[in-house]
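Colleague: Supplied structure: run-v2.cif, mmCIF, C-alpha atoms.
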data_final
loop_
_atom_site.group_PDB
_atom_site.id
_atom_site.type_symbol
_atom_site.label_atom_id
_atom_site.label_comp_id
_atom_site.auth_asym_id
_atom_site.auth_seq_id
_atom_site.Cartn_x
_atom_site.Cartn_y
_atom_site.Cartn_z
ATOM 1 C CA MET N 1175 0.000 0.000 0.000
ATOM 2 C CA ASP N 1176 1.365 3.421 -1.021
ATOM 3 C CA LEU N 1177 1.286 5.696 2.025
ATOM 4 C CA ASN N 1178 1.565 8.729 -0.251
ATOM 5 C CA LEU N 1179 -2.004 8.036 -1.296
ATOM 6 C CA LEU N 1180 -3.083 8.432 2.323
ATOM 7 C CA ARG N 1181 -1.171 11.679 2.735
ATOM 8 C CA VAL N 1182 -2.827 13.120 -0.378
ATOM 9 C CA LEU N 1183 -6.212 11.913 0.797
ATOM 10 C CA ASP N 1184 -5.689 13.582 4.165
ATOM 11 C CA ALA N 1185 -4.753 16.892 2.529
ATOM 12 C CA LEU N 1186 -7.717 16.784 0.155
ATOM 13 C CA LEU N 1187 -10.165 16.079 2.961
ATOM 14 C CA GLN N 1188 -8.744 18.923 4.996
ATOM 15 C CA GLU N 1189 -8.647 21.482 2.180
ATOM 16 C CA ASN N 1190 -11.497 20.436 -0.170
ATOM 17 C CA SER N 1191 -9.322 21.895 -2.915
ATOM 18 C CA VAL N 1192 -6.796 20.315 -5.279
ATOM 19 C CA THR N 1193 -4.776 23.542 -5.459
ATOM 20 C CA ARG N 1194 -4.579 24.082 -1.701
ATOM 21 C CA ALA N 1195 -3.843 20.399 -1.088
ATOM 22 C CA ALA N 1196 -0.953 20.646 -3.560
ATOM 23 C CA GLU N 1197 0.392 23.699 -1.734
ATOM 24 C CA ARG N 1198 0.125 21.860 1.570
ATOM 25 C CA LEU N 1199 1.985 18.847 0.202
ATOM 26 C CA GLY N 1200 4.588 20.883 -1.698
ATOM 27 C CA THR N 1201 3.664 19.380 -5.053
ATOM 28 C CA SER N 1202 1.769 20.397 -8.196
ATOM 29 C CA PRO N 1203 -2.026 20.511 -8.652
ATOM 30 C CA ALA N 1204 -1.646 18.166 -11.625
ATOM 31 C CA ALA N 1205 0.025 15.536 -9.443
ATOM 32 C CA VAL N 1206 -2.701 15.843 -6.799
ATOM 33 C CA SER N 1207 -5.387 15.564 -9.490
ATOM 34 C CA ARG N 1208 -3.837 12.347 -10.767
ATOM 35 C CA THR N 1209 -3.681 10.950 -7.240
ATOM 36 C CA LEU N 1210 -7.300 11.969 -6.598
ATOM 37 C CA ALA N 1211 -8.363 10.090 -9.723
ATOM 38 C CA ARG N 1212 -6.497 7.020 -8.459
ATOM 39 C CA LEU N 1213 -8.053 7.346 -5.012
ATOM 40 C CA ARG N 1214 -11.521 7.530 -6.543
ATOM 41 C CA ARG N 1215 -10.932 4.287 -8.429
ATOM 42 C CA ILE N 1216 -9.571 2.512 -5.357
ATOM 43 C CA VAL N 1217 -12.145 3.739 -2.841
ATOM 44 C CA GLY N 1218 -15.055 3.382 -5.239
ATOM 45 C CA ASP N 1219 -16.372 6.862 -4.444
ATOM 46 C CA PRO N 1220 -15.847 10.305 -6.073
ATOM 47 C CA LEU N 1221 -14.784 11.738 -2.650
ATOM 48 C CA LEU N 1222 -14.938 15.369 -3.840
ATOM 49 C CA VAL N 1223 -17.475 16.599 -6.395
ATOM 50 C CA ARG N 1224 -17.892 19.969 -8.010
ATOM 51 C CA ALA N 1225 -20.470 22.414 -6.620
ATOM 52 C CA GLY N 1226 -20.346 25.685 -8.509
ATOM 53 C CA GLN N 1227 -16.738 26.932 -8.504
ATOM 54 C CA GLY N 1228 -15.648 24.762 -5.587
ATOM 55 C CA LEU N 1229 -15.552 21.149 -4.399
ATOM 56 C CA VAL N 1230 -17.662 19.489 -1.715
ATOM 57 C CA PRO N 1231 -17.071 16.131 0.014
ATOM 58 C CA THR N 1232 -19.332 13.110 -0.416
ATOM 59 C CA PRO N 1233 -20.763 11.312 2.661
ATOM 60 C CA ARG N 1234 -17.919 8.778 2.364
ATOM 61 C CA ALA N 1235 -15.357 11.582 2.370
ATOM 62 C CA LEU N 1236 -16.900 13.104 5.509
ATOM 63 C CA GLU N 1237 -16.584 9.746 7.242
ATOM 64 C CA LEU N 1238 -12.914 9.571 6.320
ATOM 65 C CA GLN N 1239 -12.265 13.150 7.420
ATOM 66 C CA ASP N 1240 -12.980 12.333 11.065
ATOM 67 C CA GLU N 1241 -10.949 9.117 10.926
ATOM 68 C CA VAL N 1242 -8.003 10.218 8.829
ATOM 69 C CA GLY N 1243 -5.479 9.939 11.676
ATOM 70 C CA ALA N 1244 -6.438 6.333 12.329
ATOM 71 C CA LEU N 1245 -6.661 5.588 8.615
ATOM 72 C CA LEU N 1246 -3.089 6.758 8.115
ATOM 73 C CA ARG N 1247 -2.104 4.040 10.624
ATOM 74 C CA GLY N 1248 -4.358 1.446 9.049
ATOM 75 C CA CYS N 1249 -3.985 1.537 5.278
ATOM 76 C CA ASP N 1250 -6.264 -1.419 4.688
ATOM 77 C CA ASN N 1251 -9.221 0.519 6.108
ATOM 78 C CA VAL N 1252 -8.371 3.707 4.240
ATOM 79 C CA LEU N 1253 -8.250 2.345 0.715
ATOM 80 C CA ARG N 1254 -11.062 -0.169 0.786
ATOM 81 C CA PRO N 1255 -14.361 0.437 -1.032
ATOM 82 C CA GLY N 1256 -17.245 1.876 0.985
ATOM 83 C CA ALA N 1257 -18.495 -0.276 3.846
ATOM 84 C CA GLY N 1258 -21.334 -2.682 3.242
ATOM 85 C CA PHE N 1259 -24.820 -1.222 3.569
ATOM 86 C CA ASP N 1260 -27.271 -2.596 6.155
ATOM 87 C CA ALA N 1261 -30.656 -0.863 6.105
ATOM 88 C CA ALA N 1262 -31.833 -2.578 9.273
ATOM 89 C CA HIS N 1263 -29.237 -0.674 11.337
ATOM 90 C CA LEU N 1264 -29.334 2.589 9.402
ATOM 91 C CA GLN N 1265 -29.933 5.662 11.586
ATOM 92 C CA ARG N 1266 -30.444 8.654 9.318
ATOM 93 C CA THR N 1267 -32.871 11.446 8.438
ATOM 94 C CA PHE N 1268 -33.640 12.182 4.783
ATOM 95 C CA THR N 1269 -35.094 15.508 3.692
ATOM 96 C CA VAL N 1270 -37.446 15.696 0.696
ATOM 97 C CA GLN N 1271 -38.748 18.834 -0.963
ATOM 98 C CA ALA N 1272 -42.140 18.148 -2.571
ATOM 99 C CA THR N 1273 -45.445 19.721 -3.527
ATOM 100 C CA ASP N 1274 -48.185 19.126 -0.982
ATOM 101 C CA LEU N 1275 -50.267 17.185 -3.520
ATOM 102 C CA LEU N 1276 -47.528 14.600 -4.067
ATOM 103 C CA LEU N 1277 -46.734 14.564 -0.355
ATOM 104 C CA THR N 1278 -50.318 13.752 0.610
ATOM 105 C CA GLY N 1279 -50.376 10.769 -1.713
ATOM 106 C CA LEU N 1280 -46.975 9.239 -1.053
ATOM 107 C CA ALA N 1281 -45.952 10.020 2.551
ATOM 108 C CA GLY N 1282 -47.843 7.082 4.059
ATOM 109 C CA THR N 1283 -46.678 4.614 1.422
ATOM 110 C CA LEU N 1284 -43.085 5.798 1.684
ATOM 111 C CA THR N 1285 -43.076 5.600 5.479
ATOM 112 C CA ASP N 1286 -44.440 2.051 5.440
ATOM 113 C CA ARG N 1287 -41.864 0.955 2.879
ATOM 114 C CA ILE N 1288 -38.785 2.371 4.585
ATOM 115 C CA HIS N 1289 -39.787 1.420 8.137
ATOM 116 C CA ALA N 1290 -40.298 -2.188 7.049
ATOM 117 C CA GLU N 1291 -36.555 -2.308 6.263
ATOM 118 C CA ALA N 1292 -35.070 0.542 8.311
ATOM 119 C CA PRO N 1293 -37.144 1.341 11.413
ATOM 120 C CA GLN N 1294 -34.697 4.036 12.575
ATOM 121 C CA VAL N 1295 -34.844 6.125 9.405
ATOM 122 C CA ASP N 1296 -36.826 9.390 9.558
ATOM 123 C CA VAL N 1297 -38.100 11.594 6.718
ATOM 124 C CA VAL N 1298 -38.553 15.375 6.789
ATOM 125 C CA PHE N 1299 -40.689 16.949 4.042
ATOM 126 C CA LEU N 1300 -40.095 20.564 3.041
ATOM 127 C CA PRO N 1301 -42.502 22.682 0.955
ATOM 128 C CA GLU N 1302 -41.815 23.818 -2.584
ATOM 129 C CA ALA N 1303 -41.137 27.288 -1.200
ATOM 130 C CA VAL N 1304 -37.458 26.342 -1.242
ATOM 131 C CA GLU N 1305 -37.601 25.382 -4.951
ATOM 132 C CA GLY N 1306 -34.838 26.915 -7.018
ATOM 133 C CA GLY N 1307 -32.704 27.520 -3.936
ATOM 134 C CA PRO N 1308 -29.329 26.040 -2.996
ATOM 135 C CA GLY N 1309 -30.748 23.212 -0.865
ATOM 136 C CA LEU N 1310 -29.453 20.311 -2.969
ATOM 137 C CA ARG N 1311 -26.060 21.921 -3.488
ATOM 138 C CA GLN N 1312 -25.639 22.862 0.174
ATOM 139 C CA GLY N 1313 -26.896 19.502 1.432
ATOM 140 C CA TRP N 1314 -29.947 20.481 3.502
ATOM 141 C CA VAL N 1315 -32.249 18.895 0.898
ATOM 142 C CA ASP N 1316 -31.556 15.272 -0.043
ATOM 143 C CA VAL N 1317 -34.107 14.930 -2.840
ATOM 144 C CA GLU N 1318 -36.260 17.393 -4.760
ATOM 145 C CA LEU N 1319 -39.475 15.802 -5.985
ATOM 146 C CA GLY N 1320 -41.934 17.227 -8.497
ATOM 147 C CA VAL N 1321 -41.884 18.976 -11.876
ATOM 148 C CA LEU N 1322 -38.182 19.745 -12.051
ATOM 149 C CA GLY N 1323 -36.778 23.061 -13.209
ATOM 150 C CA HIS N 1324 -34.149 25.706 -12.439
ATOM 151 C CA LEU N 1325 -31.640 23.101 -11.269
ATOM 152 C CA ASP N 1326 -27.917 23.691 -10.836
ATOM 153 C CA PRO N 1327 -25.939 22.201 -13.759
ATOM 154 C CA GLU N 1328 -24.310 19.430 -11.733
ATOM 155 C CA ILE N 1329 -27.586 18.084 -10.292
ATOM 156 C CA ARG N 1330 -28.579 14.509 -11.170
ATOM 157 C CA THR N 1331 -32.183 13.692 -12.094
ATOM 158 C CA ARG N 1332 -34.409 10.668 -12.602
ATOM 159 C CA GLY N 1333 -37.813 10.675 -14.317
ATOM 160 C CA LEU N 1334 -40.575 9.030 -12.309
ATOM 161 C CA THR N 1335 -44.054 9.379 -13.760
ATOM 162 C CA ARG N 1336 -46.281 11.412 -16.069
ATOM 163 C CA ALA N 1337 -49.639 12.790 -14.906
ATOM 164 C CA THR N 1338 -52.616 14.571 -16.439
ATOM 165 C CA LEU N 1339 -54.485 17.483 -14.896
ATOM 166 C CA VAL N 1340 -58.220 17.114 -14.289
ATOM 167 C CA GLY N 1341 -60.825 19.478 -12.902
ATOM 168 C CA VAL N 1342 -62.358 18.929 -9.489
ATOM 169 C CA ALA N 1343 -65.531 20.359 -7.972
ATOM 170 C CA ARG N 1344 -68.125 19.457 -5.355
ATOM 171 C CA SER N 1345 -70.415 16.607 -6.390
ATOM 172 C CA GLY N 1346 -73.471 18.878 -6.600
ATOM 173 C CA HIS N 1347 -71.781 21.507 -8.770
ATOM 174 C CA PRO N 1348 -73.937 22.800 -11.664
ATOM 175 C CA LEU N 1349 -71.174 21.800 -14.103
ATOM 176 C CA PHE N 1350 -72.113 18.159 -13.657
ATOM 177 C CA GLY N 1351 -75.639 18.881 -14.944
ATOM 178 C CA GLY N 1352 -74.469 18.667 -18.545
ATOM 179 C CA ARG N 1353 -71.562 18.054 -20.882
ATOM 180 C CA ILE N 1354 -68.482 19.940 -19.684
ATOM 181 C CA ASP N 1355 -67.071 21.655 -22.764
ATOM 182 C CA ALA N 1356 -64.486 24.430 -22.958
ATOM 183 C CA ARG N 1357 -67.101 27.203 -22.848
ATOM 184 C CA ARG N 1358 -68.857 25.879 -19.729
ATOM 185 C CA PHE N 1359 -65.480 25.172 -18.112
ATOM 186 C CA ALA N 1360 -64.348 28.757 -18.745
ATOM 187 C CA ALA N 1361 -67.638 30.180 -17.448
ATOM 188 C CA ALA N 1362 -67.141 28.632 -13.999
ATOM 189 C CA ASP N 1363 -65.273 30.529 -11.288
ATOM 190 C CA HIS N 1364 -61.878 28.949 -10.636
ATOM 191 C CA ILE N 1365 -59.361 28.470 -7.841
ATOM 192 C CA GLY N 1366 -55.784 29.297 -8.776
ATOM 193 C CA ILE N 1367 -52.974 27.405 -7.029
ATOM 194 C CA SER N 1368 -49.736 29.338 -6.740
ATOM 195 C CA ARG N 1369 -47.214 29.928 -3.977
ATOM 196 C CA MET N 1370 -46.346 33.228 -5.670
ATOM 197 C CA GLY N 1371 -49.941 34.405 -6.154
ATOM 198 C CA LYS N 1372 -49.931 33.945 -9.941
ATOM 199 C CA ARG N 1373 -53.370 34.005 -11.539
ATOM 200 C CA LEU N 1374 -52.588 32.881 -15.110
ATOM 201 C CA GLY N 1375 -51.036 29.691 -16.455
ATOM 202 C CA PRO N 1376 -51.273 27.021 -19.191
ATOM 203 C CA ILE N 1377 -55.052 26.719 -18.694
ATOM 204 C CA ASP N 1378 -55.495 30.386 -19.566
ATOM 205 C CA SER N 1379 -53.257 30.097 -22.636
ATOM 206 C CA ALA N 1380 -55.248 27.115 -23.914
ATOM 207 C CA LEU N 1381 -58.527 28.969 -23.340
ATOM 208 C CA ALA N 1382 -57.191 32.066 -25.110
ATOM 209 C CA GLU N 1383 -56.487 29.982 -28.215
ATOM 210 C CA ARG N 1384 -60.231 29.297 -28.315
ATOM 211 C CA GLY N 1385 -61.144 32.902 -27.687
ATOM 212 C CA LEU N 1386 -62.209 32.119 -24.127
ATOM 213 C CA ARG N 1387 -61.260 33.505 -20.749
ATOM 214 C CA ARG N 1388 -61.901 32.260 -17.225
ATOM 215 C CA ARG N 1389 -62.183 34.095 -13.943
ATOM 216 C CA VAL N 1390 -59.721 33.038 -11.253
ATOM 217 C CA ALA N 1391 -61.767 34.181 -8.285
ATOM 218 C CA VAL N 1392 -59.392 32.926 -5.562
ATOM 219 C CA VAL N 1393 -55.688 32.063 -5.464
ATOM 220 C CA VAL N 1394 -54.424 29.732 -2.725
ATOM 221 C CA PRO N 1395 -50.886 28.440 -2.075
ATOM 222 C CA SER N 1396 -51.573 24.695 -1.973
ATOM 223 C CA HIS N 1397 -53.585 21.928 -3.605
ATOM 224 C CA THR N 1398 -54.919 20.824 -0.225
ATOM 225 C CA SER N 1399 -56.489 24.207 0.522
ATOM 226 C CA ALA N 1400 -57.862 24.331 -3.037
ATOM 227 C CA MET N 1401 -59.706 21.025 -2.615
ATOM 228 C CA LEU N 1402 -61.134 22.068 0.747
ATOM 229 C CA LEU N 1403 -62.320 25.339 -0.774
ATOM 230 C CA ALA N 1404 -63.860 23.518 -3.751
ATOM 231 C CA ARG N 1405 -65.722 21.264 -1.317
ATOM 232 C CA ASP N 1406 -67.473 24.214 0.319
ATOM 233 C CA THR N 1407 -68.108 26.458 -2.703
ATOM 234 C CA ASP N 1408 -69.009 26.408 -6.394
ATOM 235 C CA LEU N 1409 -65.411 27.132 -7.316
ATOM 236 C CA VAL N 1410 -63.509 24.739 -9.601
ATOM 237 C CA ALA N 1411 -59.944 23.568 -8.902
ATOM 238 C CA LEU N 1412 -57.395 21.323 -10.595
ATOM 239 C CA THR N 1413 -55.785 18.109 -9.418
ATOM 240 C CA LEU N 1414 -53.975 15.074 -10.844
ATOM 241 C CA ALA N 1415 -55.902 12.336 -12.600
ATOM 242 C CA ASP N 1416 -56.251 9.118 -10.552
ATOM 243 C CA TRP N 1417 -54.424 10.674 -7.597
ATOM 244 C CA LEU N 1418 -56.025 10.412 -4.133
ATOM 245 C CA PRO N 1419 -59.377 9.053 -5.370
ATOM 246 C CA ASP N 1420 -60.439 7.961 -1.887
ATOM 247 C CA THR N 1421 -59.702 11.397 -0.443
ATOM 248 C CA ILE N 1422 -61.580 13.146 -3.232
ATOM 249 C CA ALA N 1423 -64.607 10.926 -2.705
ATOM 250 C CA ALA N 1424 -64.482 11.404 1.073
ATOM 251 C CA LEU N 1425 -64.510 15.190 0.580
ATOM 252 C CA GLY N 1426 -67.630 14.955 -1.570
ATOM 253 C CA LEU N 1427 -65.752 16.000 -4.703
ATOM 254 C CA ARG N 1428 -65.808 14.733 -8.280
ATOM 255 C CA THR N 1429 -63.189 15.036 -10.977
ATOM 256 C CA PHE N 1430 -63.741 15.644 -14.684
ATOM 257 C CA PRO N 1431 -61.501 15.815 -17.756
ATOM 258 C CA VAL N 1432 -60.354 19.327 -18.601
ATOM 259 C CA PRO N 1433 -61.830 20.010 -22.071
ATOM 260 C CA LEU N 1434 -58.587 21.467 -23.405
ATOM 261 C CA GLU N 1435 -55.405 20.144 -24.968
ATOM 262 C CA LEU N 1436 -52.905 20.364 -22.125
ATOM 263 C CA ALA N 1437 -49.410 18.922 -21.964
ATOM 264 C CA PRO N 1438 -49.015 16.236 -19.277
ATOM 265 C CA LEU N 1439 -46.877 16.926 -16.224
ATOM 266 C CA ASP N 1440 -43.585 15.048 -15.948
ATOM 267 C CA PHE N 1441 -42.565 14.333 -12.356
ATOM 268 C CA GLY N 1442 -39.052 13.407 -11.362
ATOM 269 C CA MET N 1443 -36.525 13.487 -8.556
ATOM 270 C CA ALA N 1444 -33.270 15.416 -8.304
ATOM 271 C CA TRP N 1445 -30.251 15.047 -6.022
ATOM 272 C CA HIS N 1446 -26.694 16.301 -5.733
ATOM 273 C CA PRO N 1447 -23.944 14.067 -7.186
ATOM 274 C CA ARG N 1448 -22.201 13.950 -3.790
ATOM 275 C CA ASN N 1449 -24.893 11.398 -2.873
ATOM 276 C CA SER N 1450 -24.972 9.406 -6.109
ATOM 277 C CA THR N 1451 -22.800 6.535 -4.889
ATOM 278 C CA ASP N 1452 -23.853 6.664 -1.237
ATOM 279 C CA PRO N 1453 -25.633 3.301 -0.731
ATOM 280 C CA ALA N 1454 -28.059 4.652 1.910
ATOM 281 C CA HIS N 1455 -29.065 7.580 -0.269
ATOM 282 C CA ARG N 1456 -29.485 5.312 -3.289
ATOM 283 C CA TRP N 1457 -31.642 2.957 -1.198
ATOM 284 C CA PHE N 1458 -33.842 5.869 -0.123
ATOM 285 C CA ARG N 1459 -34.196 7.174 -3.708
ATOM 286 C CA ASP N 1460 -35.326 3.754 -4.879
ATOM 287 C CA HIS N 1461 -38.016 3.594 -2.197
ATOM 288 C CA LEU N 1462 -39.130 7.143 -2.999
ATOM 289 C CA ALA N 1463 -39.442 6.287 -6.690
ATOM 290 C CA ALA N 1464 -41.468 3.167 -5.865
ATOM 291 C CA ALA N 1465 -43.796 5.174 -3.605
ATOM 292 C CA VAL N 1466 -44.478 7.709 -6.368
ATOM 293 C CA SER N 1467 -45.257 4.878 -8.779
ATOM 294 C CA THR N 1468 -47.725 3.246 -6.368
ATOM 295 C CA PRO N 1469 -51.270 4.545 -6.919
ATOM 296 C CA PRO N 1470 -52.471 6.298 -3.706
ATOM 297 C CA GLY N 1471 -55.750 4.422 -3.319
ATOM 298 C CA GLU N 1472 -57.402 1.353 -4.790
ATOM 299 C CA GLY N 1473 -59.542 1.458 -7.882
ATOM 300 C CA GLY N 1474 -60.418 4.336 -10.191
ATOM 301 C CA ASP N 1475 -62.121 7.626 -9.523
ATOM 302 C CA ALA N 1476 -65.810 7.016 -10.091
ATOM 303 C CA GLY N 1477 -66.445 10.727 -10.226
ATOM 304 C CA ALA N 1478 -64.046 11.164 -13.124
ATOM 305 C CA GLN N 1479 -65.581 8.214 -14.976
ATOM 306 C CA GLY N 1480 -69.067 9.584 -14.511
ATOM 307 C CA ALA N 1481 -68.057 13.043 -15.704
ATOM 308 C CA ALA N 1482 -66.344 11.575 -18.763
ATOM 309 C CA GLY N 1483 -69.526 9.770 -19.707
#
Just give me the structure as structure tokens.
Modeller:
Amino acid sequence: MDLNLLRVLDALLQENSVTRAAERLGTSPAAVSRTLARLRRIVGDPLLVRAGQGLVPTPRALELQDEVGALLRGCDNVLRPGAGFDAAHLQRTFTVQATDLLLTGLAGTLTDRIHAEAPQVDVVFLPEAVEGGPGLRQGWVDVELGVLGHLDPEIRTRGLTRATLVGVARSGHPLFGGRIDARRFAAADHIGISRMGKRLGPIDSALAERGLRRRVAVVVPSHTSAMLLARDTDLVALTLADWLPDTIAALGLRTFPVPLELAPLDFGMAWHPRNSTDPAHRWFRDHLAAAVSTPPGEGGDAGAQGAAG
């Protein structure tokens, strides 16, 4: 075992910079870069990954940072691949940023799945209010879940599912008294859903192409509050097709196809590459993907079927 590898590793973990590590070791940045590449191959982990103009350590690198003194005295432990993963003994908290509509449908399924294998793992959900921020890069968000956009260039993504928007209104709404075409849909008063208070969106663009315009009478920040408001008024909201059918029925709501040509919504997950090879993080991402793919409720939405007919 080449002890110089351990000395370079120690400097890199202390400095988080190839240039500064080279200065500390009295060698060239090119030599340190070559050694870092060799270390990555041996350890089986990228160790340091780019975040903007700098480098940040992976979870494996952080483990080594605290143990570097001992690892310099025990080369076999320093340059071995990452330790075997055992979910049953994993003690960790994962943080997920997600829209409240996705959260409502998947939180229970996800919790059941992970606790069956890892009873000491906890999950913290954050609202989309932090979307577009530095959470993934800085490490206080593990996974961003939803319609992805405005991501830093180094962020890794994985597509999960595609969903269609449908309308939702109380079961006794006058809309259900006849065929719901674009004109009748536009004539109803609507609930807008926007954290930023926006009133217009793709629905309004599609209506404008037909020479129609709707009134967005109320704007609320979440899908949950929109459905509760639709339950108690004659306002119309939007939700995802075949998502939370039991909840919609329990609230006395019915869904109906939006009589417009709308692009489907593509949902995915995003994470920082520092976590790509971390076995615990990969295990959690797999369970999160499976939870999104599991329909939240048995059977179809009878309200949507009735409206379609």
Colleague: Residues at most 10 Å from Gly1366 in chain N, counting only C-alpha atoms, excluding those fewer than 3 positions away in the same chain, as a PDB file with C-alpha atoms, keeping the file's coordinate frame?
Modeller:
ATOM      1  CA  ASP N1363     -65.273  30.529 -11.288  1.00  0.00           C
ATOM      2  CA  ARG N1369     -47.214  29.928  -3.977  1.00  0.00           C
ATOM      3  CA  GLY N1371     -49.941  34.405  -6.154  1.00  0.00           C
ATOM      4  CA  LYS N1372     -49.931  33.945  -9.941  1.00  0.00           C
ATOM      5  CA  ARG N1373     -53.370  34.005 -11.539  1.00  0.00           C
ATOM      6  CA  LEU N1374     -52.588  32.881 -15.110  1.00  0.00           C
ATOM      7  CA  GLY N1375     -51.036  29.691 -16.455  1.00  0.00           C
ATOM      8  CA  ARG N1389     -62.183  34.095 -13.943  1.00  0.00           C
ATOM      9  CA  VAL N1390     -59.721  33.038 -11.253  1.00  0.00           C
ATOM     10  CA  ALA N1391     -61.767  34.181  -8.285  1.00  0.00           C
ATOM     11  CA  VAL N1392     -59.392  32.926  -5.562  1.00  0.00           C
ATOM     12  CA  VAL N1393     -55.688  32.063  -5.464  1.00  0.00           C
ATOM     13  CA  VAL N1394     -54.424  29.732  -2.725  1.00  0.00           C
ATOM     14  CA  PRO N1395     -50.886  28.440  -2.075  1.00  0.00           C
ATOM     15  CA  SER N1396     -51.573  24.695  -1.973  1.00  0.00           C
ATOM     16  CA  HIS N1397     -53.585  21.928  -3.605  1.00  0.00           C
ATOM     17  CA  ALA N1400     -57.862  24.331  -3.037  1.00  0.00           C
ATOM     18  CA  LEU N1409     -65.411  27.132  -7.316  1.00  0.00           C
ATOM     19  CA  VAL N1410     -63.509  24.739  -9.601  1.00  0.00           C
ATOM     20  CA  ALA N1411     -59.944  23.568  -8.902  1.00  0.00           C
ATOM     21  CA  LEU N1412     -57.395  21.323 -10.595  1.00  0.00           C
TER      22      LEU N1412
END
Colleague: Between CA of Leu1275 in chain N and CA of Pro1301 in chain N, what is the spacing in Å?
Modeller: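 We find that CA of Pro1301 in chain N and CA of Leu1275 in chain N lie 10.5 Å from each other.
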Colleague: Would you list the residues near (-65.2, 31.2, -17.5), meaning any protein, DNA or RNA residue with an atom at most 12 Å from that point in file coordinates, counting all atoms listed in the file, as an mmCIF file with C-alpha atoms, keeping the file's coordinate frame?
Modeller:
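Generated file (part05.cif):
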data_model
loop_
_atom_site.group_PDB
_atom_site.id
_atom_site.type_symbol
_atom_site.label_atom_id
_atom_site.label_comp_id
_atom_site.auth_asym_id
_atom_site.auth_seq_id
_atom_site.Cartn_x
_atom_site.Cartn_y
_atom_site.Cartn_z
ATOM 1 C CA LEU N 1349 -71.174 21.800 -14.103
ATOM 2 C CA ILE N 1354 -68.482 19.940 -19.684
ATOM 3 C CA ASP N 1355 -67.071 21.655 -22.764
ATOM 4 C CA ALA N 1356 -64.486 24.430 -22.958
ATOM 5 C CA ARG N 1357 -67.101 27.203 -22.848
ATOM 6 C CA ARG N 1358 -68.857 25.879 -19.729
ATOM 7 C CA PHE N 1359 -65.480 25.172 -18.112
ATOM 8 C CA ALA N 1360 -64.348 28.757 -18.745
ATOM 9 C CA ALA N 1361 -67.638 30.180 -17.448
ATOM 10 C CA ALA N 1362 -67.141 28.632 -13.999
ATOM 11 C CA ASP N 1363 -65.273 30.529 -11.288
ATOM 12 C CA HIS N 1364 -61.878 28.949 -10.636
ATOM 13 C CA ILE N 1365 -59.361 28.470 -7.841
ATOM 14 C CA ILE N 1377 -55.052 26.719 -18.694
ATOM 15 C CA ASP N 1378 -55.495 30.386 -19.566
ATOM 16 C CA LEU N 1381 -58.527 28.969 -23.340
ATOM 17 C CA ALA N 1382 -57.191 32.066 -25.110
ATOM 18 C CA GLY N 1385 -61.144 32.902 -27.687
ATOM 19 C CA LEU N 1386 -62.209 32.119 -24.127
ATOM 20 C CA ARG N 1387 -61.260 33.505 -20.749
ATOM 21 C CA ARG N 1388 -61.901 32.260 -17.225
ATOM 22 C CA ARG N 1389 -62.183 34.095 -13.943
ATOM 23 C CA VAL N 1390 -59.721 33.038 -11.253
ATOM 24 C CA ALA N 1391 -61.767 34.181 -8.285
ATOM 25 C CA LEU N 1409 -65.411 27.132 -7.316
ATOM 26 C CA VAL N 1410 -63.509 24.739 -9.601
#
Colleague: What is the CA of Gln1265 in chain N to CA of Ile1288 in chain N distance in Å?
Modeller: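 Rounded to one decimal, the two atoms are 11.8 Å apart.
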Colleague: Using only C-alpha atoms, give me every residue within 6 Å of (-12.6, 18.8, -1.4) in file coordinates, as a list in words.
Modeller: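 Taken together, the residues in range are Leu1186, Leu1187, Glu1189, Asn1190, Ser1191, Leu1222, Leu1229, Val1230 and Pro1231 of chain N.
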